[in-house]
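Q: Here you go, one structure.
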Amino acid sequence: MNSDKALLTQQFIRLQKYALDNIRPDISYADCDWETLISLGGLNKSGLILNNAVNKDPDFFAVDKETLDKWNNKARKEFLDSYNRFSEFKRVYSSLQEEGIRAVVLKGYVLAVLYPDVFSRYSSDLDIKLDPKDRDKVHELLTQKLGFSYNEADSKNNVQLYMHGNLLIEAHYTLWEDYHGDNIDVLRKQKLDDPDTLVLIPVTEDISVWTLGHTEHLILQMFHIIKHYIVEGIESRYLIDIALFVNKYKDEIDFQRFFRVFKEMNFENFCAVFFTKCIEYFGMDESVLAREDRVYPEDETAFIQDIVFVGKRDLKDNSSYSLLGILSPYVNGKKEAGDKKSGRMLKALFPSVSDIDDKYAYCKKYHFLLPVAWVHRAVRTIFFKLTKGNKVYGVKDKITGSEYRIRMMKNSKIL
């Protein structure tokens with residue numbers, strides 16, 4: 001099975017590369033498990049771009065007609081879904097502008113314009129950075145005028161979620177969500193959302209959006225990648241995002257500043273490993289590396305498999321896999337839990353005031369309420385377990401998952 005998984009991983013990543021550079025892969029697809037590969041395409045939010053690639057040369061990829069027809073139908077629905085979502089995005093962004101609200105688009109369509117077409121990069125949400133003083137105005141606009149529903153249960157203090165149709169809006173009132181810690185202090189000092197550094201990017205002929213400066217946006221993207229890599233695993237399209245972004249804006253990016261920031265957070269080795277794979281698989285300009293030599297994970301096969309399989313060891317596992325509650329110290333810079341399993345178990349059950357989710361913010365203000373927050377958190381977990389069933393992990397599963405993520409962190413030189 002491991003050899004089959006390794007082969008499928010290479011077939012998948014080389015198909016992604018072909019989708020971008022049109023150079024026929026140097027690997028056979030004669031015995032490809034297309035059902036699983038197509039599933040991986042959806043998991044990595046790359047289904048449409050992979051489908052388009054296969055249809056350019058179907059004889060070479062040797063997909064049977066029935067499988068390809070089903071995939072084509074699925075891809076057409078995905079395209080229509082993306083088209084409708086983009087139309088909704090334009091309606092929202094235009095309305096914000098009309099109300100005099102400065103909305104800074106993060107990732108999303110700013111990256112999508114770098115792909116063969118704007119709909120090749122699938123995204124189900126829209127991340128926008130807004131001024132905290134506009135919070136009430138934004139809420140009223142979205143809920144009263146534009147028909148969005150507010151998802152209070154899953155919102156955080158600094159990230160409010162709104163849904164309408166198939167578009168989820170994440171309204172960020174800080175770039176760093178509700179994180180606190182040494183690494184977040186490093187990032188805050190960078191003032192990535194300084195208005196003087198914002199740039200206007202054309203998305204289509206009829207709409208341009210404000211976004212972070214190119215260096216600032218690369219720092220944000222890489223921290224976002226590292227965060228998800230630590231707590232749940234990442235999609236392979238992030239390799240494409242970074243490769244395309246760097247190649248497009250390399251002359252405007254301050255790479256010395258970039259590596260200085262990540263060195264201060266002890267993430268510079270992971271950045272070098274990640275950049276190396278961007279270079280090897282997706283043609284990123286090698287001159288951006290801070291060192292002369294490329295940097296590799298301890299086990300390259302395990303590294304790329306983990307990415308292609310998005311942190312999942314079992315594709316049949318549809319549970320929510322975020323381990324933020326346990327592994328957040330590795331994100332925010334406080335690693336007092338160390339490598340001890342017992343420490344992670346205690347942290348999972350009884351997080352400290354600094355590490356508990358801001359949904360329980362009352363105990364951050366009044367520390368004596370921390371035990372009440374633990375009970376509140378436990379009741380909420382049981383409720384979600386009962387209502388969502390196997391889509392939510394229990395503590396035992398999270399501990400097992402955290403052990404695996406820590407192995408991947410060591411492998412990729414985060415630890």
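Chain labels A, B, ... are given in the sequence in which chains occur in the structure tokens; within each chain residues are numbered consecutively from 1, and ligands are likewise numbered from 1 in the order shown.
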Could you pull the residues within 8 Å of Val110 of chain A, counting only C-alpha atoms, minus those fewer than 5 positions along the same chain, as an mmCIF file with N, CA and C atoms, in the first residue's frame?
A:
```cif
data_model
loop_
_atom_site.group_PDB
_atom_site.id
_atom_site.type_symbol
_atom_site.label_atom_id
_atom_site.label_comp_id
_atom_site.auth_asym_id
_atom_site.auth_seq_id
_atom_site.Cartn_x
_atom_site.Cartn_y
_atom_site.Cartn_z
ATOM 1 N N VAL A 105 -8.368 42.374 0.485
ATOM 2 C CA VAL A 105 -8.547 40.957 0.163
ATOM 3 C C VAL A 105 -7.257 40.204 0.489
ATOM 4 N N ILE A 201 -4.729 45.398 -7.079
ATOM 5 C CA ILE A 201 -4.493 44.314 -8.021
ATOM 6 C C ILE A 201 -5.720 44.103 -8.910
ATOM 7 N N VAL A 203 -8.259 41.994 -10.874
ATOM 8 C CA VAL A 203 -8.667 40.595 -10.883
ATOM 9 C C VAL A 203 -9.254 40.236 -12.237
ATOM 10 N N VAL A 209 -8.869 44.895 -6.723
ATOM 11 C CA VAL A 209 -9.027 44.817 -5.266
ATOM 12 C C VAL A 209 -7.769 45.296 -4.564
ATOM 13 N N THR A 211 -5.059 44.844 -1.663
ATOM 14 C CA THR A 211 -4.478 43.734 -0.917
ATOM 15 C C THR A 211 -3.174 44.188 -0.270
#
```
Q: What does the distance from atom CA of Asp254 of chain A to atom CA of Pro195 of chain A come to in Å, to one decimal?
A: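 Separation between atom CA of Asp254 of chain A and atom CA of Pro195 of chain A: 17.8 Å.
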Q: Excluding segment 5-17 of chain A and residues on its chain fewer than 2 positions from it, collect all residues at most 9 Å away from it, counting only C-alpha atoms, and give them as number ranges by chain.
A: A: 1-3, 19-29, 32-33, 36-37, 40-41, 46, 49-50, 53-54, 236-237, 240, 281-283, 301-302, 304-305, 308-309
Q: Pick out the residues sitting within 12 Å of Ala243 of chain A, and hand them over as a compact mmCIF listing (two decimals) with all heavy atoms, in the first residue's frame; count only C-alpha atoms, and ignore anything fewer than 2 positions along from it in its own chain.
A:
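Printed below is result_38.txt as written:
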```
# COMPACT_ATOMS: atom_id res chain seq x y z
N LYS A 17 1.78 19.86 -11.91
CA LYS A 17 2.84 20.58 -12.63
C LYS A 17 2.48 20.72 -14.11
O LYS A 17 2.63 21.80 -14.69
CB LYS A 17 4.17 19.83 -12.47
CG LYS A 17 5.36 20.48 -13.17
CD LYS A 17 6.63 19.69 -12.91
CE LYS A 17 7.84 20.36 -13.54
NZ LYS A 17 7.76 20.38 -15.03
N LEU A 20 0.20 23.45 -15.16
CA LEU A 20 0.77 24.80 -15.20
C LEU A 20 1.74 25.01 -16.34
O LEU A 20 1.76 26.07 -16.97
CB LEU A 20 1.46 25.12 -13.88
CG LEU A 20 0.59 25.13 -12.62
CD1 LEU A 20 1.44 25.37 -11.40
CD2 LEU A 20 -0.50 26.19 -12.73
N LEU A 111 -4.53 35.52 -5.48
CA LEU A 111 -3.72 34.40 -5.96
C LEU A 111 -4.34 33.76 -7.20
O LEU A 111 -3.63 33.29 -8.10
CB LEU A 111 -3.56 33.35 -4.86
CG LEU A 111 -2.91 33.84 -3.56
CD1 LEU A 111 -2.90 32.73 -2.52
CD2 LEU A 111 -1.49 34.34 -3.82
N LEU A 114 -3.21 34.54 -10.74
CA LEU A 114 -1.92 34.04 -11.19
C LEU A 114 -2.05 32.69 -11.90
O LEU A 114 -1.10 32.24 -12.54
CB LEU A 114 -0.97 33.89 -9.99
CG LEU A 114 -0.77 35.14 -9.13
CD1 LEU A 114 0.08 34.81 -7.91
CD2 LEU A 114 -0.12 36.26 -9.95
N TYR A 115 -3.20 32.05 -11.79
CA TYR A 115 -3.45 30.74 -12.39
C TYR A 115 -3.84 30.90 -13.86
O TYR A 115 -4.07 32.03 -14.33
CB TYR A 115 -4.56 30.03 -11.62
CG TYR A 115 -4.10 29.38 -10.33
CD1 TYR A 115 -3.63 30.14 -9.27
CD2 TYR A 115 -4.13 28.00 -10.17
CE1 TYR A 115 -3.21 29.56 -8.08
CE2 TYR A 115 -3.72 27.39 -8.98
CZ TYR A 115 -3.25 28.18 -7.95
OH TYR A 115 -2.84 27.59 -6.78
N LEU A 218 3.40 37.79 1.17
CA LEU A 218 4.16 36.53 1.21
C LEU A 218 4.37 36.09 2.66
O LEU A 218 4.26 34.90 2.98
CB LEU A 218 5.50 36.70 0.50
CG LEU A 218 6.36 35.42 0.41
CD1 LEU A 218 5.63 34.32 -0.36
CD2 LEU A 218 7.71 35.72 -0.24
N GLN A 221 1.03 34.70 3.84
CA GLN A 221 0.76 33.39 3.25
C GLN A 221 1.58 32.29 3.92
O GLN A 221 1.05 31.22 4.25
CB GLN A 221 1.09 33.41 1.76
CG GLN A 221 0.12 34.18 0.89
CD GLN A 221 0.55 34.13 -0.56
OE1 GLN A 221 0.46 33.10 -1.22
NE2 GLN A 221 1.05 35.24 -1.07
N MET A 222 2.87 32.54 4.13
CA MET A 222 3.71 31.50 4.70
C MET A 222 3.35 31.20 6.15
O MET A 222 3.37 30.05 6.58
CB MET A 222 5.19 31.87 4.60
CG MET A 222 5.83 31.56 3.26
SD MET A 222 5.65 29.83 2.70
CE MET A 222 6.39 28.92 4.05
N SER A 236 -1.80 20.71 -1.34
CA SER A 236 -0.67 20.84 -2.26
C SER A 236 -0.75 22.11 -3.09
O SER A 236 0.26 22.59 -3.61
CB SER A 236 -0.60 19.62 -3.18
OG SER A 236 -1.77 19.51 -3.96
N ARG A 237 -1.93 22.68 -3.21
CA ARG A 237 -2.04 23.90 -4.02
C ARG A 237 -1.28 25.07 -3.39
O ARG A 237 -0.98 26.05 -4.06
CB ARG A 237 -3.50 24.28 -4.25
CG ARG A 237 -4.22 24.76 -3.01
CD ARG A 237 -5.52 25.44 -3.38
NE ARG A 237 -6.26 25.80 -2.18
CZ ARG A 237 -7.27 26.63 -2.18
NH1 ARG A 237 -7.68 27.18 -3.29
NH2 ARG A 237 -7.90 26.93 -1.06
N TYR A 238 -0.98 24.98 -2.09
CA TYR A 238 -0.19 26.04 -1.47
C TYR A 238 1.20 26.11 -2.09
O TYR A 238 1.81 27.19 -2.15
CB TYR A 238 -0.08 25.82 0.04
CG TYR A 238 -1.36 26.06 0.81
CD1 TYR A 238 -1.68 25.30 1.92
CD2 TYR A 238 -2.25 27.06 0.42
CE1 TYR A 238 -2.85 25.52 2.64
CE2 TYR A 238 -3.42 27.29 1.12
CZ TYR A 238 -3.72 26.51 2.23
OH TYR A 238 -4.87 26.73 2.94
N LEU A 239 1.74 24.97 -2.53
CA LEU A 239 3.02 24.98 -3.24
C LEU A 239 2.89 25.78 -4.53
O LEU A 239 3.78 26.57 -4.89
CB LEU A 239 3.46 23.55 -3.56
CG LEU A 239 3.87 22.67 -2.38
CD1 LEU A 239 3.89 21.20 -2.80
CD2 LEU A 239 5.22 23.07 -1.82
N ILE A 240 1.78 25.58 -5.23
CA ILE A 240 1.53 26.32 -6.47
C ILE A 240 1.36 27.81 -6.17
O ILE A 240 1.93 28.67 -6.86
CB ILE A 240 0.28 25.78 -7.19
CG1 ILE A 240 0.47 24.31 -7.55
CG2 ILE A 240 -0.02 26.60 -8.44
CD1 ILE A 240 -0.77 23.67 -8.17
N ASP A 241 0.57 28.12 -5.14
CA ASP A 241 0.34 29.52 -4.77
C ASP A 241 1.65 30.27 -4.58
O ASP A 241 1.86 31.37 -5.13
CB ASP A 241 -0.46 29.61 -3.47
CG ASP A 241 -1.92 29.24 -3.62
OD1 ASP A 241 -2.39 29.12 -4.76
OD2 ASP A 241 -2.58 29.06 -2.58
N PHE A 245 3.21 33.13 -7.02
CA PHE A 245 3.29 34.45 -6.40
C PHE A 245 4.72 34.98 -6.43
O PHE A 245 4.97 36.14 -6.80
CB PHE A 245 2.78 34.38 -4.97
CG PHE A 245 2.64 35.72 -4.29
CD1 PHE A 245 1.47 36.46 -4.42
CD2 PHE A 245 3.67 36.24 -3.52
CE1 PHE A 245 1.34 37.70 -3.80
CE2 PHE A 245 3.55 37.47 -2.90
CZ PHE A 245 2.39 38.20 -3.04
N VAL A 246 5.66 34.13 -6.04
CA VAL A 246 7.07 34.55 -6.01
C VAL A 246 7.56 34.86 -7.41
O VAL A 246 8.24 35.88 -7.63
CB VAL A 246 7.94 33.46 -5.35
CG1 VAL A 246 9.42 33.70 -5.64
CG2 VAL A 246 7.69 33.43 -3.85
N ASN A 247 7.25 34.03 -8.39
CA ASN A 247 7.71 34.27 -9.75
C ASN A 247 7.12 35.56 -10.32
O ASN A 247 7.76 36.26 -11.10
CB ASN A 247 7.36 33.10 -10.65
CG ASN A 247 8.27 31.91 -10.43
OD1 ASN A 247 9.29 32.02 -9.74
ND2 ASN A 247 7.93 30.77 -10.99
N LYS A 248 5.90 35.89 -9.93
CA LYS A 248 5.25 37.10 -10.43
C LYS A 248 5.83 38.36 -9.79
O LYS A 248 6.05 39.38 -10.47
CB LYS A 248 3.74 37.02 -10.14
CG LYS A 248 2.95 38.27 -10.48
CD LYS A 248 2.81 38.49 -11.97
CE LYS A 248 1.88 39.65 -12.27
NZ LYS A 248 1.73 39.88 -13.73
N TYR A 249 6.11 38.31 -8.49
CA TYR A 249 6.46 39.52 -7.77
C TYR A 249 7.86 39.50 -7.17
O TYR A 249 8.18 40.32 -6.30
CB TYR A 249 5.45 39.75 -6.63
CG TYR A 249 4.03 39.91 -7.12
CD1 TYR A 249 3.04 38.99 -6.76
CD2 TYR A 249 3.65 40.99 -7.93
CE1 TYR A 249 1.73 39.14 -7.20
CE2 TYR A 249 2.35 41.15 -8.38
CZ TYR A 249 1.39 40.21 -8.01
OH TYR A 249 0.10 40.36 -8.44
N LYS A 250 8.73 38.60 -7.64
CA LYS A 250 10.05 38.43 -6.99
C LYS A 250 10.87 39.72 -6.97
O LYS A 250 11.65 39.94 -6.04
CB LYS A 250 10.84 37.31 -7.65
CG LYS A 250 11.19 37.49 -9.10
CD LYS A 250 11.98 36.30 -9.62
CE LYS A 250 12.38 36.45 -11.09
NZ LYS A 250 11.21 36.44 -11.98
N PHE A 274 10.13 24.22 2.18
CA PHE A 274 8.94 24.46 1.36
C PHE A 274 9.32 25.11 0.03
O PHE A 274 8.84 24.71 -1.03
CB PHE A 274 7.96 25.35 2.13
CG PHE A 274 6.58 25.39 1.55
CD1 PHE A 274 5.64 24.43 1.91
CD2 PHE A 274 6.20 26.38 0.66
CE1 PHE A 274 4.36 24.46 1.38
CE2 PHE A 274 4.93 26.43 0.12
CZ PHE A 274 3.99 25.46 0.49
N PHE A 275 10.20 26.10 0.08
CA PHE A 275 10.65 26.76 -1.14
C PHE A 275 11.36 25.78 -2.07
O PHE A 275 11.22 25.85 -3.29
CB PHE A 275 11.59 27.92 -0.79
CG PHE A 275 10.89 29.21 -0.45
CD1 PHE A 275 9.54 29.23 -0.14
CD2 PHE A 275 11.58 30.41 -0.43
CE1 PHE A 275 8.89 30.42 0.18
CE2 PHE A 275 10.95 31.61 -0.12
CZ PHE A 275 9.60 31.62 0.19
N THR A 276 12.14 24.86 -1.49
CA THR A 276 12.84 23.87 -2.30
C THR A 276 11.86 23.05 -3.12
O THR A 276 12.09 22.78 -4.31
CB THR A 276 13.70 22.96 -1.41
OG1 THR A 276 14.73 23.73 -0.80
CG2 THR A 276 14.34 21.83 -2.22
N LYS A 277 10.75 22.64 -2.51
CA LYS A 277 9.74 21.87 -3.23
C LYS A 277 9.01 22.72 -4.26
O LYS A 277 8.62 22.23 -5.32
CB LYS A 277 8.74 21.24 -2.24
CG LYS A 277 9.38 20.14 -1.39
CD LYS A 277 10.02 19.08 -2.28
CE LYS A 277 10.94 18.15 -1.54
NZ LYS A 277 11.72 17.28 -2.44
N CYS A 278 8.83 24.00 -3.96
CA CYS A 278 8.24 24.91 -4.96
C CYS A 278 9.14 25.01 -6.19
O CYS A 278 8.67 25.07 -7.32
CB CYS A 278 8.03 26.29 -4.35
SG CYS A 278 6.73 26.39 -3.10
N ILE A 279 10.43 25.04 -5.95
CA ILE A 279 11.42 25.11 -7.04
C ILE A 279 11.40 23.83 -7.86
O ILE A 279 11.33 23.85 -9.10
CB ILE A 279 12.83 25.37 -6.47
CG1 ILE A 279 12.91 26.77 -5.87
CG2 ILE A 279 13.90 25.17 -7.55
CD1 ILE A 279 14.11 26.98 -4.96
N GLU A 280 11.45 22.69 -7.18
CA GLU A 280 11.58 21.40 -7.87
C GLU A 280 10.31 20.99 -8.60
O GLU A 280 10.38 20.44 -9.71
CB GLU A 280 11.97 20.32 -6.87
CG GLU A 280 13.37 20.51 -6.31
CD GLU A 280 13.80 19.39 -5.39
OE1 GLU A 280 12.94 18.61 -4.94
OE2 GLU A 280 15.02 19.30 -5.11
N TYR A 281 9.17 21.25 -8.02
CA TYR A 281 7.92 20.77 -8.62
C TYR A 281 7.24 21.82 -9.50
O TYR A 281 6.59 21.48 -10.49
CB TYR A 281 6.94 20.33 -7.53
CG TYR A 281 7.30 19.00 -6.90
CD1 TYR A 281 7.57 18.91 -5.55
CD2 TYR A 281 7.35 17.84 -7.66
CE1 TYR A 281 7.89 17.70 -4.96
CE2 TYR A 281 7.68 16.62 -7.09
CZ TYR A 281 7.94 16.55 -5.74
OH TYR A 281 8.26 15.35 -5.16
N PHE A 282 7.36 23.10 -9.15
CA PHE A 282 6.57 24.10 -9.85
C PHE A 282 7.37 25.27 -10.40
O PHE A 282 6.82 26.33 -10.68
CB PHE A 282 5.45 24.60 -8.93
CG PHE A 282 4.51 23.49 -8.52
CD1 PHE A 282 4.48 23.03 -7.21
CD2 PHE A 282 3.68 22.89 -9.45
CE1 PHE A 282 3.64 21.99 -6.85
CE2 PHE A 282 2.83 21.86 -9.10
CZ PHE A 282 2.81 21.40 -7.79
N GLY A 283 8.69 25.06 -10.54
CA GLY A 283 9.51 26.01 -11.28
C GLY A 283 9.68 27.37 -10.64
O GLY A 283 9.90 28.37 -11.33
N MET A 284 9.62 27.45 -9.32
CA MET A 284 9.85 28.74 -8.67
C MET A 284 11.30 29.16 -8.86
O MET A 284 12.21 28.32 -8.89
CB MET A 284 9.52 28.64 -7.18
CG MET A 284 9.47 30.00 -6.48
SD MET A 284 8.93 29.90 -4.76
CE MET A 284 10.48 29.49 -3.95
N ASP A 285 11.54 30.44 -8.99
CA ASP A 285 12.87 30.98 -9.20
C ASP A 285 13.76 30.64 -8.00
O ASP A 285 13.46 31.00 -6.86
CB ASP A 285 12.78 32.50 -9.37
CG ASP A 285 14.09 33.11 -9.86
OD1 ASP A 285 15.15 32.75 -9.32
OD2 ASP A 285 14.04 33.94 -10.77
N GLU A 286 14.86 29.96 -8.26
CA GLU A 286 15.73 29.47 -7.18
C GLU A 286 16.50 30.58 -6.49
O GLU A 286 16.96 30.42 -5.36
CB GLU A 286 16.69 28.41 -7.71
CG GLU A 286 17.49 27.72 -6.63
CD GLU A 286 18.09 26.41 -7.11
OE1 GLU A 286 18.01 26.11 -8.32
OE2 GLU A 286 18.63 25.67 -6.26
N VAL A 288 15.58 33.02 -4.97
CA VAL A 288 14.94 33.58 -3.78
C VAL A 288 15.39 32.88 -2.50
O VAL A 288 15.14 33.39 -1.40
CB VAL A 288 13.40 33.52 -3.89
CG1 VAL A 288 12.94 34.21 -5.15
CG2 VAL A 288 12.89 32.08 -3.85
```
Q: Counting only C-alpha atoms, what is within 6 Å of segment 158-163 of chain A, bar same-chain residues fewer than 2 positions away, as a JSON list (two decimals) with all heavy atoms, in the first residue's frame?
A:
```json
[["chain", "number", "residue", "atom", "x", "y", "z"],
["A", 148, "PHE", "N", -26.75, 38.17, 3.97],
["A", 148, "PHE", "CA", -25.89, 37.15, 4.57],
["A", 148, "PHE", "C", -26.39, 36.79, 5.97],
["A", 148, "PHE", "O", -26.95, 37.63, 6.68],
["A", 148, "PHE", "CB", -24.45, 37.65, 4.67],
["A", 148, "PHE", "CG", -23.67, 37.53, 3.40],
["A", 148, "PHE", "CD1", -23.87, 38.44, 2.35],
["A", 148, "PHE", "CD2", -22.75, 36.52, 3.22],
["A", 148, "PHE", "CE1", -23.17, 38.33, 1.17],
["A", 148, "PHE", "CE2", -22.03, 36.41, 2.04],
["A", 148, "PHE", "CZ", -22.24, 37.31, 1.01],
["A", 149, "SER", "N", -26.19, 35.55, 6.34],
["A", 149, "SER", "CA", -26.50, 35.12, 7.71],
["A", 149, "SER", "C", -25.20, 35.11, 8.51],
["A", 149, "SER", "O", -24.14, 34.73, 8.00],
["A", 149, "SER", "CB", -27.15, 33.74, 7.72],
["A", 149, "SER", "OG", -26.31, 32.77, 7.12],
["A", 150, "TYR", "N", -25.28, 35.52, 9.77],
["A", 150, "TYR", "CA", -24.10, 35.59, 10.64],
["A", 150, "TYR", "C", -23.97, 34.30, 11.41],
["A", 150, "TYR", "O", -24.89, 33.87, 12.12],
["A", 150, "TYR", "CB", -24.26, 36.78, 11.59],
["A", 150, "TYR", "CG", -23.18, 36.88, 12.64],
["A", 150, "TYR", "CD1", -21.83, 36.80, 12.30],
["A", 150, "TYR", "CD2", -23.51, 37.09, 13.98],
["A", 150, "TYR", "CE1", -20.84, 36.91, 13.26],
["A", 150, "TYR", "CE2", -22.53, 37.20, 14.96],
["A", 150, "TYR", "CZ", -21.20, 37.11, 14.59],
["A", 150, "TYR", "OH", -20.22, 37.22, 15.54],
["A", 151, "ASN", "N", -22.81, 33.64, 11.28],
["A", 151, "ASN", "CA", -22.53, 32.39, 11.98],
["A", 151, "ASN", "C", -21.83, 32.72, 13.30],
["A", 151, "ASN", "O", -20.61, 32.70, 13.38],
["A", 151, "ASN", "CB", -21.67, 31.48, 11.11],
["A", 151, "ASN", "CG", -21.39, 30.14, 11.77],
["A", 151, "ASN", "OD1", -21.72, 29.92, 12.93],
["A", 151, "ASN", "ND2", -20.76, 29.24, 11.04],
["A", 155, "SER", "N", -17.84, 31.94, 14.84],
["A", 155, "SER", "CA", -17.06, 33.17, 14.75],
["A", 155, "SER", "C", -16.15, 33.31, 15.96],
["A", 155, "SER", "O", -16.39, 32.71, 17.01],
["A", 155, "SER", "CB", -17.98, 34.38, 14.64],
["A", 155, "SER", "OG", -18.68, 34.40, 13.42],
["A", 156, "LYS", "N", -15.10, 34.10, 15.80],
["A", 156, "LYS", "CA", -14.19, 34.39, 16.90],
["A", 156, "LYS", "C", -14.27, 35.88, 17.20],
["A", 156, "LYS", "O", -14.95, 36.64, 16.49],
["A", 156, "LYS", "CB", -12.75, 34.01, 16.52],
["A", 156, "LYS", "CG", -12.58, 32.56, 16.10],
["A", 156, "LYS", "CD", -11.17, 32.29, 15.60],
["A", 156, "LYS", "CE", -11.03, 30.87, 15.09],
["A", 156, "LYS", "NZ", -9.68, 30.61, 14.52],
["A", 167, "LEU", "N", -21.12, 31.30, -0.78],
["A", 167, "LEU", "CA", -19.98, 32.13, -0.42],
["A", 167, "LEU", "C", -19.90, 32.34, 1.09],
["A", 167, "LEU", "O", -20.84, 32.84, 1.71],
["A", 167, "LEU", "CB", -20.04, 33.49, -1.11],
["A", 167, "LEU", "CG", -18.90, 34.47, -0.75],
["A", 167, "LEU", "CD1", -17.55, 33.92, -1.21],
["A", 167, "LEU", "CD2", -19.15, 35.85, -1.36],
["A", 168, "LEU", "N", -18.79, 31.93, 1.67],
["A", 168, "LEU", "CA", -18.50, 32.19, 3.08],
["A", 168, "LEU", "C", -17.53, 33.37, 3.15],
["A", 168, "LEU", "O", -16.48, 33.35, 2.51],
["A", 168, "LEU", "CB", -17.86, 30.96, 3.73],
["A", 168, "LEU", "CG", -17.27, 31.15, 5.13],
["A", 168, "LEU", "CD1", -18.37, 31.46, 6.14],
["A", 168, "LEU", "CD2", -16.46, 29.93, 5.56],
["A", 169, "ILE", "N", -17.90, 34.37, 3.91],
["A", 169, "ILE", "CA", -17.02, 35.53, 4.12],
["A", 169, "ILE", "C", -16.41, 35.44, 5.51],
["A", 169, "ILE", "O", -17.13, 35.26, 6.50],
["A", 169, "ILE", "CB", -17.79, 36.86, 3.97],
["A", 169, "ILE", "CG1", -18.17, 37.08, 2.50],
["A", 169, "ILE", "CG2", -16.94, 38.02, 4.47],
["A", 169, "ILE", "CD1", -18.91, 38.37, 2.27],
["A", 170, "GLU", "N", -15.08, 35.52, 5.57],
["A", 170, "GLU", "CA", -14.38, 35.63, 6.84],
["A", 170, "GLU", "C", -13.93, 37.07, 6.99],
["A", 170, "GLU", "O", -13.01, 37.52, 6.31],
["A", 170, "GLU", "CB", -13.18, 34.68, 6.89],
["A", 170, "GLU", "CG", -13.56, 33.21, 6.85],
["A", 170, "GLU", "CD", -12.39, 32.29, 7.17],
["A", 170, "GLU", "OE1", -11.34, 32.80, 7.62],
["A", 170, "GLU", "OE2", -12.54, 31.08, 6.96],
["A", 171, "ALA", "N", -14.62, 37.79, 7.85],
["A", 171, "ALA", "CA", -14.32, 39.20, 8.09],
["A", 171, "ALA", "C", -13.29, 39.30, 9.21],
["A", 171, "ALA", "O", -13.62, 39.09, 10.38],
["A", 171, "ALA", "CB", -15.59, 39.95, 8.44],
["A", 172, "HIS", "N", -12.04, 39.60, 8.84],
["A", 172, "HIS", "CA", -10.94, 39.65, 9.81],
["A", 172, "HIS", "C", -10.75, 41.08, 10.30],
["A", 172, "HIS", "O", -10.61, 42.01, 9.50],
["A", 172, "HIS", "CB", -9.63, 39.19, 9.15],
["A", 172, "HIS", "CG", -9.64, 37.74, 8.75],
["A", 172, "HIS", "ND1", -8.92, 36.78, 9.43],
["A", 172, "HIS", "CD2", -10.26, 37.08, 7.73],
["A", 172, "HIS", "CE1", -9.09, 35.61, 8.85],
["A", 172, "HIS", "NE2", -9.90, 35.76, 7.82],
["A", 173, "TYR", "N", -10.69, 41.25, 11.62],
["A", 173, "TYR", "CA", -10.44, 42.57, 12.19],
["A", 173, "TYR", "C", -9.02, 42.67, 12.75],
["A", 173, "TYR", "O", -8.65, 43.67, 13.35],
["A", 173, "TYR", "CB", -11.51, 42.90, 13.22],
["A", 173, "TYR", "CG", -12.85, 43.08, 12.53],
["A", 173, "TYR", "CD1", -13.77, 42.04, 12.48],
["A", 173, "TYR", "CD2", -13.15, 44.25, 11.85],
["A", 173, "TYR", "CE1", -14.98, 42.18, 11.80],
["A", 173, "TYR", "CE2", -14.34, 44.41, 11.16],
["A", 173, "TYR", "CZ", -15.25, 43.36, 11.13],
["A", 173, "TYR", "OH", -16.43, 43.51, 10.44],
["A", 177, "GLU", "N", -6.03, 36.68, 13.69],
["A", 177, "GLU", "CA", -7.18, 36.04, 14.30],
["A", 177, "GLU", "C", -7.17, 36.28, 15.80],
["A", 177, "GLU", "O", -7.02, 37.42, 16.24],
["A", 177, "GLU", "CB", -7.22, 34.55, 13.93],
["A", 177, "GLU", "CG", -7.28, 34.32, 12.42],
["A", 177, "GLU", "CD", -7.35, 32.86, 12.03],
["A", 177, "GLU", "OE1", -7.59, 32.01, 12.90],
["A", 177, "GLU", "OE2", -7.18, 32.58, 10.82]]
```
Q: I'd like the contact shell of Met408 of chain A - 9 Å cut-off, only C-alpha atoms, skipping same-chain residues fewer than 2 positions apart - returned as a PyMOL selection string.
A: chain A and resi 229-230+302-303+306+403-406+410-414
